[in-house]
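Notes follow the structure.
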Amino acid sequence: MTLDAAGMIRGVADGEAGALRRLYDAQASRLFGVAMAILRDRDAAADALHDAVVKIAARAGQYDPARGEGGAWLAAIVRNTALDLARARGRETPTDDPSLGDTAVAPEALDRLCESQEAGRLRDCLAALEDRNREGILLAFVHGLSHAQIAARLDLPLGTVKAWIRRGLARLKGCLT
Amino acid sequence: MIPSDPEALDALAAEHVLGTLDAREAAEVARALPVDAALRDAVARWEARLAPLADLAPPMAPPDGLWKRIDASVAKRSPAPVVPLRAVPGRAAPPRPGKFWKAWSAGATAVAAGLAAILFLRPADPPRMMTVLLTSRDQPAWLVEAEGGGLRLASLNPRPVEPGRVQQLWALPPGATAPTSLGLIPEDGQARVAPGLVRPEPGMLIEITLEPPGGSPTGRPTGPILFIGRLVPATGT
């Protein structure tokens, strides 16, 4: 799916006719999923994807394949755009939202990470974390939850959540290197 | 403040990528990224580490009309409304501020107040408003003075611009929701914004962002803020 993302980004950078449309057609579902997981509101997620694709069109020339995979570059722009929008909305998203959490946080969701070698290593390192460390990291990355929202959801003091996430990230780094 | 301790810097980069920084912290990191190579590298490493997690979000078909909206926005984006600034040739650069500036680590207000005092002592027709654009680490980068209905800029601490990128100058009057492009500016030296493009007023935010060649394609800042300051009356209180 992301195999030729780098090539499509190059096409956009080179101003090839229809290149942005091809990129959109190939990536829109995946990227809209990323925005929806964070914003959980179709209109807001559509706004985020709109803004992100306009940015992608403008910045395609800055993509450097040596610094990472094309699909990851696209997803990072969408994530950052969606996170900024979530912040602008005060991250009001209710944390008891039933659409939240089950998909990304359940341990079996990690099985979906095994497609590449890097993802496999990340999955193993995440699996080695304490449950709540892992849960905090996934809720933040996949669902864009703030420290306070994670604390409310896991029913833990804010300071504990901050410390656990910090520790979880440090362990993850140690495990991945 | 971006920490200089490598471990604290790496922890900040991790939380930036994770998305847990609040709006103020996230904006601070975004501003620092283009001028802080260590932070940039740390963020890139964390992006690479966590990137596979994006695929945990289940794919979902976007609304039908979205492509049309995107296409219209991209087609409409005209070349950036950039009016080339006239660099002022043949004038000696202002005396290199040197130690005076390096020793000055206070925030924008203190710097601006100090300069206001200096400017006030100048015999000839002092500019009525000025500011110093600071980096995310509160280092002075550009002196901006309102002059003849326009603006005059002088670089204080020239620093190289990322290859393949340009610096674009913006003004945000108090109460406005979107900044106005004032044009592309050189890496250092002096530049002038002609009257008419902007009406300098106290409280106006002046910022320089990092943009693709030719300037922002959208007419709004697309890159991080490199330097920022707020115009204050130079004649003081």
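Following the order of the structure tokens, chains are lettered A, B, ..., residues in each are numbered from 1, and ligands are numbered from 1.
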
Taking only residues of chain A that have an atom at most 8 Å from an atom of chain B, what is each one's shortest atom pair and its distance in Å to one decimal, using only C-alpha atoms, in chain and number order, as a Markdown table?
| residue | atom | partner | partner_atom | distance |
| --- | --- | --- | --- | --- |
| A:Arg21 | CA | B:Trp67 | CA | 7.9 |
| A:Tyr24 | CA | B:Trp67 | CA | 7.7 |
| A:Ala28 | CA | B:Pro62 | CA | 6.7 |
| A:Ser29 | CA | B:Ala61 | CA | 4.6 |
| A:Arg30 | CA | B:Pro59 | CA | 4.4 |
| A:Leu31 | CA | B:Pro59 | CA | 7.2 |
| A:Phe32 | CA | B:Pro62 | CA | 5.7 |
| A:Gly33 | CA | B:Pro59 | CA | 4.3 |
| A:Val34 | CA | B:Ala57 | CA | 5.4 |
| A:Met36 | CA | B:Met60 | CA | 8.0 |
| A:Ala37 | CA | B:Ala57 | CA | 5.9 |
| A:Arg42 | CA | B:Pro63 | CA | 7.9 |
| A:Ala46 | CA | B:Leu66 | CA | 6.9 |
| A:His50 | CA | B:Ile70 | CA | 5.5 |
| A:Asp51 | CA | B:Ile70 | CA | 7.9 |
| A:Val53 | CA | B:Ile70 | CA | 7.1 |
| A:Val54 | CA | B:Val74 | CA | 6.0 |
| A:Lys55 | CA | B:Thr222 | CA | 7.2 |
| A:Ala57 | CA | B:Val74 | CA | 7.4 |
| A:Ala58 | CA | B:Pro217 | CA | 6.4 |
| A:Arg59 | CA | B:Pro212 | CA | 7.2 |
| A:Arg67 | CA | B:Ala44 | CA | 7.5 |
| A:Gly68 | CA | B:Ala48 | CA | 6.6 |
| A:Ala72 | CA | B:Ala51 | CA | 5.6 |
| A:Ala75 | CA | B:Ala54 | CA | 6.8 |
| A:Ala76 | CA | B:Glu47 | CA | 7.7 |
| A:Asn80 | CA | B:Gly19 | CA | 7.9 |
| A:Leu83 | CA | B:Gly19 | CA | 6.8 |
| A:Asp84 | CA | B:Ala23 | CA | 7.4 |
| A:Arg87 | CA | B:Ala23 | CA | 6.0 |
| A:Ala88 | CA | B:Ala23 | CA | 7.7 |
| A:Thr103 | CA | B:Leu56 | CA | 7.7 |
| A:Ala104 | CA | B:Leu56 | CA | 5.8 |
| A:Ala109 | CA | B:Leu56 | CA | 7.0 |
| A:Leu110 | CA | B:Leu56 | CA | 7.5 |
| A:Arg112 | CA | B:Leu56 | CA | 6.9 |
| A:Leu113 | CA | B:Pro52 | CA | 6.8 |
| A:Glu118 | CA | B:Pro52 | CA | 7.7 |
| A:Ala119 | CA | B:Pro52 | CA | 5.5 |
| A:Leu122 | CA | B:Arg49 | CA | 7.4 |
| A:Ile137 | CA | B:Leu18 | CA | 7.3 |
| A:Leu138 | CA | B:Leu53 | CA | 7.8 |
| A:Ala140 | CA | B:Leu18 | CA | 6.1 |
| A:Phe141 | CA | B:Leu18 | CA | 5.0 |
| A:Val142 | CA | B:Ala54 | CA | 6.3 |
| A:Gly144 | CA | B:Gly19 | CA | 6.2 |
| A:Leu145 | CA | B:Thr20 | CA | 7.1 |
| A:Ser146 | CA | B:Thr20 | CA | 5.2 |
| A:His147 | CA | B:Thr20 | CA | 6.2 |
| A:Arg166 | CA | B:Ala11 | CA | 7.2 |
| A:Leu169 | CA | B:Ala14 | CA | 7.1 |
| A:Ala170 | CA | B:Ala11 | CA | 7.8 |
| A:Leu176 | CA | B:Arg49 | CA | 7.7 |

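The shell of residues at most 7 Å from stretch 130-135 of chain A, with only C-alpha atoms counted and near chain neighbours (fewer than 4 positions) removed, consists of Val105, Leu126, Leu139, Trp164, Ile165 and Gly168 of chain A.
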
Legend entry - Gap from atom CA of B:Leu184 to atom CA of B:Gly214 - Å, one decimal: 7.9 Å

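Checking A:Ala151, A:Ala6, A:Leu85, A:Leu156 one by one against A:Ile38, counting only C-alpha atoms, you find the shortest gap at A:Leu85.
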
Inset, instruction - Show which residues sit within 9 Å of B:Arg199, as a list in words. Count only C-alpha atoms, and ignore same-chain residues fewer than 2 positions away. - result: Ala146, Gly149, Gly150, Leu151, Pro173, Pro195, Gly196, Leu197 and Glu201 of chain B

Inset, instruction - Choose the residue, out of A:Gly11, A:Gly174, A:Gly18, A:Gly70, that has the smallest atom-to-atom separation from A:Ala128; count only C-alpha atoms. - result: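 That would be A:Gly174, the residue with the smallest distance to A:Ala128.
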
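Reported to one decimal place, the separation of atom CA of B:Met204 from atom CA of B:Ala30 is 21.3 Å.
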
Inset, instruction - Have a look at atom CA of A:Arg89 and atom CA of A:Leu154 and let me know their distance in Å, one decimal. - result: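 Separating atom CA of A:Arg89 from atom CA of A:Leu154 is a distance of 22.1 Å.
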